[in-house]
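Listing of coords30.txt, compact mmCIF, C-alpha atoms
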# COMPACT_ATOMS: atom_id res chain seq x y z
CA ASP A 1 60.07 -10.74 135.23
CA LYS A 2 61.75 -13.77 136.88
CA PRO A 3 63.92 -15.41 134.18
CA CYS A 4 64.81 -19.01 135.02
CA MET A 5 67.57 -20.69 133.02
CA LEU A 6 68.95 -24.22 132.82
CA ASP A 7 72.02 -25.24 130.81
CA ILE A 8 72.39 -28.92 129.96
CA LYS A 9 75.50 -30.09 128.14
CA ILE A 10 74.58 -32.89 125.73
CA GLY A 11 76.70 -35.75 124.43
CA LYS A 12 78.75 -38.53 125.97
CA THR A 13 81.97 -36.68 125.22
CA THR A 14 82.70 -32.97 125.22
CA ALA A 15 86.11 -33.37 123.56
CA GLY A 16 86.30 -32.95 119.82
CA PRO A 17 88.81 -34.83 117.66
CA ASP A 18 90.96 -31.71 117.41
CA ALA A 19 91.33 -31.20 121.18
CA LYS A 20 94.87 -30.80 122.47
CA PRO A 21 96.06 -33.75 124.63
CA GLU A 22 96.04 -31.81 127.93
CA LYS A 23 92.56 -30.43 127.22
CA LEU A 24 91.37 -33.86 126.10
CA GLU A 25 92.41 -35.40 129.41
CA ASP A 26 90.58 -32.72 131.41
CA MET A 27 87.43 -33.07 129.32
CA ARG A 28 87.40 -36.86 129.52
CA LEU A 29 87.80 -36.68 133.30
CA LYS A 30 84.85 -34.27 133.48
CA ASP A 31 82.79 -36.55 131.24
CA THR A 32 83.46 -39.65 133.36
CA THR A 33 83.03 -38.00 136.78
CA THR A 34 79.72 -36.36 135.85
CA THR A 35 76.70 -37.84 134.08
CA SER A 36 77.95 -37.05 130.55
CA ASP A 37 79.50 -40.44 129.88
CA ALA A 38 76.79 -42.49 131.63
CA ILE A 39 73.60 -40.83 130.34
CA GLY A 40 74.81 -38.53 127.56
CA MET A 41 74.12 -35.23 129.30
CA ARG A 42 74.95 -33.19 132.37
CA VAL A 43 73.61 -30.13 134.14
CA THR A 44 76.12 -27.30 134.04
CA GLY A 45 74.07 -24.81 136.04
CA PHE A 46 70.70 -23.21 136.56
CA ARG A 47 68.81 -20.37 138.14
CA THR A 48 65.22 -20.77 139.26
CA TRP A 49 62.68 -18.59 141.02
CA ASN A 50 61.56 -19.78 144.43
CA SER A 51 58.18 -18.15 144.98
CA SER A 52 58.03 -19.27 148.62
CA LEU A 53 61.25 -17.46 149.48
CA GLY A 54 60.70 -14.62 147.00
CA GLU A 55 64.21 -15.04 145.58
CA PHE A 56 66.24 -16.75 142.91
CA GLU A 57 68.18 -19.92 143.62
CA LYS A 58 71.37 -20.22 141.63
CA ILE A 59 73.05 -23.60 141.30
CA GLY A 60 76.50 -23.29 139.75
CA LYS A 61 79.37 -25.50 138.70
CA SER A 62 80.59 -26.04 142.24
CA VAL A 63 77.38 -28.04 142.83
CA THR A 64 76.60 -29.42 139.37
CA LYS A 65 80.06 -30.94 138.81
CA LYS A 66 79.25 -33.27 141.75
CA ILE A 67 76.13 -34.66 140.03
CA SER A 68 77.41 -38.12 139.20
CA ASP A 69 74.41 -40.37 138.56
CA GLU A 70 71.06 -40.34 136.81
CA ASN A 71 69.02 -39.93 140.01
CA GLU A 72 70.99 -36.81 140.99
CA PHE A 73 70.62 -35.49 137.43
CA ILE A 74 66.83 -35.97 137.57
CA ALA A 75 66.67 -34.35 141.01
CA SER A 76 68.54 -31.28 139.76
CA VAL A 77 66.26 -30.90 136.72
CA ARG A 78 63.21 -31.26 139.00
CA HIS A 79 64.73 -28.55 141.23
CA TYR A 80 65.01 -26.25 138.21
CA PHE A 81 61.34 -26.82 137.36
CA SER A 82 60.32 -26.21 140.98
CA ASN A 83 58.94 -22.90 142.16
CA GLY A 84 59.65 -23.75 145.79
CA PRO A 85 56.62 -25.66 147.02
CA ASP A 86 55.72 -27.43 143.74
CA VAL A 87 57.33 -28.93 140.66
CA ARG A 88 55.99 -27.14 137.58
CA THR A 89 54.87 -30.25 135.69
CA ASP A 90 53.06 -27.95 133.24
CA LEU A 91 56.45 -26.60 132.17
CA ILE A 92 57.90 -30.10 131.86
CA GLU A 93 54.94 -31.03 129.64
CA TYR A 94 55.51 -27.84 127.60
CA PHE A 95 59.18 -28.64 126.95
CA THR A 96 58.74 -32.39 126.34
CA PRO A 97 57.57 -32.19 122.69
CA LEU A 98 60.43 -29.80 121.91
CA LEU A 99 62.91 -32.28 123.37
CA ILE A 100 61.34 -35.17 121.46
CA GLU A 101 61.73 -33.21 118.23
CA ILE A 102 65.43 -32.64 118.94
CA ARG A 103 65.94 -36.29 119.95
CA ASP A 104 64.23 -37.52 116.79
CA TRP A 105 66.39 -35.26 114.63
CA PHE A 106 69.56 -36.64 116.26
CA HIS A 107 68.37 -40.19 115.56
CA VAL A 108 67.94 -39.60 111.82
CA GLN A 109 70.88 -37.33 111.02
CA SER A 110 74.27 -38.94 110.49
CA LYS A 111 76.43 -36.26 108.87
CA MET A 112 77.36 -34.11 111.86
CA SER A 113 79.06 -34.67 115.18
CA PHE A 114 78.49 -32.38 118.14
CA TYR A 115 80.94 -31.61 120.94
CA SER A 116 80.28 -29.39 123.95
CA SER A 117 76.77 -28.62 122.74
CA SER A 118 74.16 -27.29 125.12
CA LEU A 119 70.43 -27.08 125.51
CA LEU A 120 69.33 -23.86 127.17
CA PHE A 121 65.91 -23.86 128.84
CA VAL A 122 64.37 -20.49 129.73
CA TYR A 123 61.04 -19.58 131.31
CA ASP A 124 59.61 -16.77 133.43
CA GLY A 125 59.20 -17.98 137.01
CA ALA A 126 56.55 -15.32 137.65
CA ASN A 127 54.31 -16.50 134.79
CA PRO A 128 51.85 -19.20 135.94
CA GLU A 129 51.11 -20.31 132.35
CA PRO A 130 53.17 -23.06 130.68
CA HIS A 131 55.64 -21.31 128.38
CA GLY A 132 59.33 -21.06 127.64
CA ARG A 133 62.16 -21.24 125.15
CA LEU A 134 64.57 -23.99 124.28
CA LYS A 135 67.74 -23.13 122.39
Target format structure tokens, applied to this file:
Amino acid sequence: DKPCMLDIKIGKTTAGPDAKPEKLEDMRLKDTTTTSDAIGMRVTGFRTWNSSLGEFEKIGKSVTKKISDENEFIASVRHYFSNGPDVRTDLIEYFTPLLIEIRDWFHVQSKMSFYSSSLLFVYDGANPEPHGRLK
């Protein structure tokens, strides 16, 4: 009923080896001015349900491109998992094993490189049970 979505771009660089020079410069600038280069990921945007206000909150690129350190990154992810008055720690606990599985796979695989890859988190803000999808 109240779909909440979070897009996190993963990787320290979003530019692939085949990127054109002008595109490469733009992508490297974005990587170094956001949290991509420093922590290997950045928030690109999210929409969350605020039950207190009875409305969605949408945080887009105009805000997320200004997230420049790990504390701001964490604050924005906490905002996504907030329903207004509370942080949905049950949802964080639900997604944590899924993230650990992805992290562990990245640590053991060595044949592929990923550029401009995203993790998409989705849950229903109206559902009080811990649930969701990670793609």
(message) Which residues are close to range 8-12 of chain A, i.e. within 8 Å by only C-alpha atoms, leaving aside same-chain residues fewer than 5 positions away? Reply as a list of chain:residue names.
(response) A:Asp31, A:Ser36, A:Asp37, A:Ala38, A:Ile39, A:Gly40, A:Met41, A:Arg42, A:Val43, A:Thr44, A:Gly45, A:Phe114, A:Tyr115, A:Ser116, A:Ser117, A:Ser118, A:Leu119, A:Leu120
(request) Calculate how many Å separate CA of Thr64 in chain A from CA of Thr35 in chain A, rounding to one decimal. (result) 9.9 Å
(request) May I ask which of the residues A:Asn83, A:Thr89, A:Asn50, A:Thr14 is the closest one to Pro130 in chain A, counting all atoms listed in the file? (result)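 Nearest candidate to Pro130 in chain A out of A:Asn83, A:Thr89, A:Asn50, A:Thr14: A:Thr89.
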(request) For each of A:Asp1, A:Glu93, A:Asp69, A:Asp18, take the minimum atom-to-atom distance to Phe81 in chain A, counting only C-alpha atoms, then give the residue where this is smallest. (result) A:Glu93
(message) One number please: CA of Pro3 in chain A to CA of Trp105 in chain A, in Å, one decimal.
(response)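 For CA of Pro3 in chain A relative to CA of Trp105 in chain A, the distance reads 28.0 Å.
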(request) Extract, using only C-alpha atoms, all DNA, RNA and protein residues at most 8 Å from Tyr123 in chain A, discarding same-chain residues fewer than 6 positions from it, and format them as a ChimeraX atom specification. (result) /A:3-5,131-133
(request) Name all residues at most 10 Å from Lys2 in chain A (count all atoms listed in the file; drop same-chain ones fewer than 5 positions away) and give them as a ChimeraX atom specification. (result) /A:47-51,55-56,123-127
(request) Can you work out which one of A:Val108, A:Ile67, A:Ile74, A:Leu134 has the shortest atom-to-atom distance to Thr96 in chain A, counting only C-alpha atoms? (result) A:Leu134
(request) Check the smallest atom-to-atom distance from each of A:His79, A:Arg88, A:Lys58, A:Lys135 to Ile102 in chain A using all atoms listed in the file, then report the winner. (result)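 For Ile102 in chain A, the nearest of the given residues is A:Lys135.
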